[in-house]
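Engineer: One structure, pasted below without further comment.
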Amino acid sequence: MINIIGLGYIGLPTALMIAKSGVKVVGTDNNNKLVKSLSEGKLTFEEKGLGELFEEAISNGIEFSTEYQKTHTYILAVPTPFNKESKKLDPKYVISAVNSVLDNCESGAIIVIESTIAPGTIDKYIRPELERRGLTIGVDIHLVHAPERITPGNMIYELEHNSRTIGADDPEISGKVKKIYSGFCKSEIVLTDIRSAEMSKVIENTYRDVNIAFANELAKICRTDNMDVYEITRIANKHPRVNILQPGPGVGGHCISVDPWFLVGDYPDLTNLILTARKTNDSMPRHVLGRIRDIMREHGIKDISKVGLYGLAYKENVDDTRESPTLQLLERMDEHLAFGVKVFDPLVKERIVDHQFMNFEDFINEIEIVVVMVGHDHVKNNMELIKDKLVLDTKNICAIDKAYKL
Ligand code: SAJ
C-alpha cells in the first residue's frame, strides 16, 4: 500500500494515477473538509480529465484519510510556501510530514518527496530529522526525491507522458520507486542522485523563466519603435535553431516565478542573467499599466473604473491565482487605481478583489477598455461581446484587428 501525503494539485492526481495502475492507495491530508469531500466522491478543484480518473481510482478502492498509514512507501506532495521577502521556500510542511511518517512507518520504509524544494533541502533539513531520531539512512529509512513536472490545465496528460526524474542514494531503492511510477508514466524515467534531482527541477523552471524574459524584453524593444513583436518572432522562429516564447503580462504561478530565486540566493555572484530575467518578468505588470495609461490618454478616458482586467488566474483555463500577473498589476497600482479598476475571471469563483464581477455581460457593459490578461477559452469564445470595446490584448489571442498589443 502507498500512502500519499498531501492531496492538493499534485498529490491528488498522482494518488489517483497510482490507484488506477492497480496499486492500493490511501491519500492523507490534514484538511478534514477536503478528506470528507473526497471520501464522499466530490472533487475540490477542476482539471481536465480529473473527474474520470477520480471515478476509476474510486472503483480501484482508493481511500482518503486524515491519518498517516502504517506502511512501507510514502509519497509527499505537501506545499512549500514561498516567502516573498526572503525569497526562500519554507520547508516546514515537508519536515513535519517526514516526522509524521517516521512516527508511523514500517522499518526500512521509503519516503519519496515530490514537493518542489530548493537544491540542498534534503541534506540541510530532512537528513538531520532522521539522524536526530537515531535512524540510519539507507537502512532504517530511505529518502527519494521525485520532483513533479506537471502543468495545471494539462496535468493528467503530463502525468502519463512527461519524463520523470527519480533521485535516490541507493539504486535498489530507485528501482523500487521506478516500478511505482512506471505503472502510469509512459515516458522515460531517469534515475539519478538526490542532489541532481533537486537541481534539475529548479533549473527547468529557471530555463523557462529566462526564455520568457527574452520574449518580454523583445516586446518592450518592439514597443518603443512600434514594431509587431509577434510577427517578428514568428519569422525568427522559422529558423531551425530558434524558438522564442511568447511575451505576456508577467510570469505567474507558484513555480517559474519562484524557483529561480533559489539559485540567485545560493549563487549570488554567478546568477546575473537569471536575476535580470526575474526582474524583467516582474516588470511586465508595470509595462501593462503603462500601456493602459497610453490607451486612456489616447482616448481621453480619465476614469479608471472604465478599465476592466479580464483574468485573475495565473494562466489560461485554470482557476489558480497564485502570483498571477493580474494580482501583481493590482499590487503595483496605487490604491486609488486598484480600487477603481474592474476585474473579471469566469473560472475564479472566490472573490479576491473589489469590483470583481461575477457576470461577464455586466463587466463588459460597465467598461470601455478590456485588458485581456489571461487567454481563457472563454474570452476566445466571446470575441463578439468585446470586439467593439478598446482592447489591450496582452496575450495576443484576440482576433480583433484594432486590438492594442503589449
Ligand atoms: N508564460 C509566458 N510566455 C510563455 C509561456 C508562459 O508569459 O511563452 C507565462 C504564463 O502565462 C504563466 C507563467 O508563464 O503566467 C507560467 O506558466 P507555464 O505554463 O509556463 O508553467 P506553469 O507554472 O504552469 O508550470 C511550470 C512547468 N515548468 C516548465 O514548463 C519548465 C511545469 O512543467 C512544472 O511542473 C511546474 O512549473 C512546477 O510545478 O514546477
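By convention in this document, the chains of the C-alpha cells carry letters A, B, ... by their order, each chain's residues are numbered from 1, and ligands are numbered from 1 in the order they are shown.
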Please identify all protein, DNA and RNA residues within 7 Å of ligand 1, counting only C-alpha atoms and all ligand atoms, and report them as a list in words.

Structural biologist: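 Protein and nucleic-acid residues within 7 Å of ligand 1: Thr116, Glu148, Arg149, Ile150, Thr151, Pro152, Glu204, Asn205, Tyr207, Arg208, Ile212, Leu245, Gln246, Pro247, Gly248, Pro249, Gly250, Val251, Gly252, Gly253, His254, Cys255, Ile256, Tyr314, Lys315, Ser324 and Pro325 of chain A.
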
Engineer: Give me, as a VMD selection string, all polymer residues having an atom no more than 9 Å from range 91-102 of chain A, counting only C-alpha atoms and skipping those fewer than 5 positions away in the same chain.

Structural biologist: chain A and resid 5 to 6 68 to 70 74 76 to 81 109 111 113 115 117 to 118 121 125 to 126 129 to 130 141

Engineer: For Asn365 in chain A, find every residue with an atom within 10 Å (counting only C-alpha atoms), except residues of its own chain fewer than 2 positions away, and show them as a PDB file with C-alpha atoms, in the first residue's frame.

Structural biologist:
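Once everything was written out, this is selection-v5.pdb:
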```pdb
ATOM      1  CA  LYS A 306     -13.862  52.343 -17.274  1.00  0.00           C
ATOM      2  CA  PHE A 360     -19.377  38.807 -17.906  1.00  0.00           C
ATOM      3  CA  GLU A 361     -22.003  40.941 -19.636  1.00  0.00           C
ATOM      4  CA  ASP A 362     -22.265  43.349 -16.684  1.00  0.00           C
ATOM      5  CA  PHE A 363     -18.475  43.597 -16.643  1.00  0.00           C
ATOM      6  CA  ILE A 367     -16.150  49.391 -19.142  1.00  0.00           C
ATOM      7  CA  GLU A 368     -14.581  50.990 -22.215  1.00  0.00           C
ATOM      8  CA  LEU A 385     -19.026  40.767 -26.941  1.00  0.00           C
ATOM      9  CA  ILE A 386     -15.698  42.585 -26.633  1.00  0.00           C
ATOM     10  CA  LYS A 389     -14.552  47.931 -26.958  1.00  0.00           C
TER      11      LYS A 389
END
```

Engineer: For a test of reading the model, state the distance in Å between CA of Met1 in chain A and CA of Leu159 in chain A, rounded to one decimal.

Structural biologist: 20.2 Å

Engineer: In range 145-369 of chain A, what's strand (DSSP E) per DSSP? Answer as an NGL selection string?

Structural biologist: :A and (145 or 164-168 or 189-192 or 307-310 or 342-344 or 356-357 or 369)

Engineer: Mind dumping the selected residues with N, CA, C and O atoms as a PDB file, in the first residue's frame?

Structural biologist:
```pdb
ATOM      1  N   HIS A 145      13.935  11.735  -3.964  1.00  0.00           N
ATOM      2  CA  HIS A 145      13.299  12.953  -4.484  1.00  0.00           C
ATOM      3  C   HIS A 145      12.850  12.690  -5.918  1.00  0.00           C
ATOM      4  O   HIS A 145      13.669  12.377  -6.783  1.00  0.00           O
ATOM      5  N   ARG A 164      10.132  11.391 -16.088  1.00  0.00           N
ATOM      6  CA  ARG A 164      10.259  11.605 -14.633  1.00  0.00           C
ATOM      7  C   ARG A 164      11.708  11.495 -14.218  1.00  0.00           C
ATOM      8  O   ARG A 164      12.490  10.790 -14.862  1.00  0.00           O
ATOM      9  N   THR A 165      12.020  12.139 -13.108  1.00  0.00           N
ATOM     10  CA  THR A 165      13.356  12.003 -12.525  1.00  0.00           C
ATOM     11  C   THR A 165      13.193  11.375 -11.143  1.00  0.00           C
ATOM     12  O   THR A 165      12.331  11.808 -10.374  1.00  0.00           O
ATOM     13  N   ILE A 166      14.013  10.387 -10.871  1.00  0.00           N
ATOM     14  CA  ILE A 166      13.998   9.793  -9.527  1.00  0.00           C
ATOM     15  C   ILE A 166      15.405   9.892  -8.942  1.00  0.00           C
ATOM     16  O   ILE A 166      16.351   9.309  -9.479  1.00  0.00           O
ATOM     17  N   GLY A 167      15.516  10.675  -7.872  1.00  0.00           N
ATOM     18  CA  GLY A 167      16.821  10.858  -7.231  1.00  0.00           C
ATOM     19  C   GLY A 167      16.864  10.065  -5.936  1.00  0.00           C
ATOM     20  O   GLY A 167      15.999  10.236  -5.073  1.00  0.00           O
ATOM     21  N   ALA A 168      17.848   9.173  -5.818  1.00  0.00           N
ATOM     22  CA  ALA A 168      17.978   8.379  -4.579  1.00  0.00           C
ATOM     23  C   ALA A 168      19.444   8.047  -4.351  1.00  0.00           C
ATOM     24  O   ALA A 168      20.261   8.131  -5.267  1.00  0.00           O
ATOM     25  N   ILE A 189      11.970   7.219 -17.476  1.00  0.00           N
ATOM     26  CA  ILE A 189      12.161   7.505 -16.053  1.00  0.00           C
ATOM     27  C   ILE A 189      13.667   7.498 -15.792  1.00  0.00           C
ATOM     28  O   ILE A 189      14.319   6.462 -15.928  1.00  0.00           O
ATOM     29  N   VAL A 190      14.184   8.685 -15.475  1.00  0.00           N
ATOM     30  CA  VAL A 190      15.642   8.845 -15.347  1.00  0.00           C
ATOM     31  C   VAL A 190      16.034   8.689 -13.880  1.00  0.00           C
ATOM     32  O   VAL A 190      15.463   9.345 -13.009  1.00  0.00           O
ATOM     33  N   LEU A 191      17.015   7.839 -13.626  1.00  0.00           N
ATOM     34  CA  LEU A 191      17.477   7.632 -12.254  1.00  0.00           C
ATOM     35  C   LEU A 191      18.744   8.445 -12.009  1.00  0.00           C
ATOM     36  O   LEU A 191      19.642   8.460 -12.850  1.00  0.00           O
ATOM     37  N   THR A 192      18.773   9.123 -10.875  1.00  0.00           N
ATOM     38  CA  THR A 192      19.952   9.919 -10.546  1.00  0.00           C
ATOM     39  C   THR A 192      20.092  10.007  -9.023  1.00  0.00           C
ATOM     40  O   THR A 192      19.385   9.303  -8.293  1.00  0.00           O
ATOM     41  N   VAL A 307     -11.958  50.864 -16.980  1.00  0.00           N
ATOM     42  CA  VAL A 307     -10.992  49.842 -17.410  1.00  0.00           C
ATOM     43  C   VAL A 307     -11.334  48.520 -16.715  1.00  0.00           C
ATOM     44  O   VAL A 307     -11.581  48.491 -15.508  1.00  0.00           O
ATOM     45  N   GLY A 308     -11.336  47.443 -17.480  1.00  0.00           N
ATOM     46  CA  GLY A 308     -11.614  46.123 -16.899  1.00  0.00           C
ATOM     47  C   GLY A 308     -10.490  45.154 -17.209  1.00  0.00           C
ATOM     48  O   GLY A 308     -10.044  45.049 -18.356  1.00  0.00           O
ATOM     49  N   LEU A 309     -10.012  44.473 -16.168  1.00  0.00           N
ATOM     50  CA  LEU A 309      -8.968  43.461 -16.368  1.00  0.00           C
ATOM     51  C   LEU A 309      -9.656  42.110 -16.523  1.00  0.00           C
ATOM     52  O   LEU A 309     -10.348  41.656 -15.606  1.00  0.00           O
ATOM     53  N   TYR A 310      -9.459  41.475 -17.680  1.00  0.00           N
ATOM     54  CA  TYR A 310     -10.044  40.149 -17.889  1.00  0.00           C
ATOM     55  C   TYR A 310      -9.011  39.098 -17.467  1.00  0.00           C
ATOM     56  O   TYR A 310      -7.945  39.006 -18.086  1.00  0.00           O
ATOM     57  N   LYS A 342     -11.924  47.441 -12.730  1.00  0.00           N
ATOM     58  CA  LYS A 342     -12.822  46.286 -12.609  1.00  0.00           C
ATOM     59  C   LYS A 342     -12.091  45.018 -13.046  1.00  0.00           C
ATOM     60  O   LYS A 342     -11.174  45.076 -13.868  1.00  0.00           O
ATOM     61  N   VAL A 343     -12.524  43.910 -12.492  1.00  0.00           N
ATOM     62  CA  VAL A 343     -11.826  42.643 -12.729  1.00  0.00           C
ATOM     63  C   VAL A 343     -12.854  41.541 -12.973  1.00  0.00           C
ATOM     64  O   VAL A 343     -13.905  41.524 -12.324  1.00  0.00           O
ATOM     65  N   PHE A 344     -12.525  40.642 -13.897  1.00  0.00           N
ATOM     66  CA  PHE A 344     -13.435  39.514 -14.151  1.00  0.00           C
ATOM     67  C   PHE A 344     -12.624  38.270 -14.488  1.00  0.00           C
ATOM     68  O   PHE A 344     -11.634  38.341 -15.224  1.00  0.00           O
ATOM     69  N   GLN A 356     -14.858  42.822  -8.413  1.00  0.00           N
ATOM     70  CA  GLN A 356     -14.682  41.583  -9.177  1.00  0.00           C
ATOM     71  C   GLN A 356     -16.066  41.121  -9.617  1.00  0.00           C
ATOM     72  O   GLN A 356     -16.879  40.723  -8.796  1.00  0.00           O
ATOM     73  N   PHE A 357     -16.301  41.203 -10.909  1.00  0.00           N
ATOM     74  CA  PHE A 357     -17.632  40.888 -11.419  1.00  0.00           C
ATOM     75  C   PHE A 357     -17.822  39.396 -11.576  1.00  0.00           C
ATOM     76  O   PHE A 357     -16.895  38.671 -11.906  1.00  0.00           O
ATOM     77  N   ILE A 369     -12.426  49.956 -21.770  1.00  0.00           N
ATOM     78  CA  ILE A 369     -11.179  49.274 -22.171  1.00  0.00           C
ATOM     79  C   ILE A 369     -11.150  47.880 -21.533  1.00  0.00           C
ATOM     80  O   ILE A 369     -11.265  47.751 -20.311  1.00  0.00           O
TER      81      ILE A 369
END
```

Engineer: Taking the chain letters and numbering used in this document, name the residues of range 162-289 of chain A that DSSP puts in helix (DSSP H, G or I), as a ChimeraX atom specification.

Structural biologist: /A:171-181,194-224,229-236,260-266,272-282,284-289
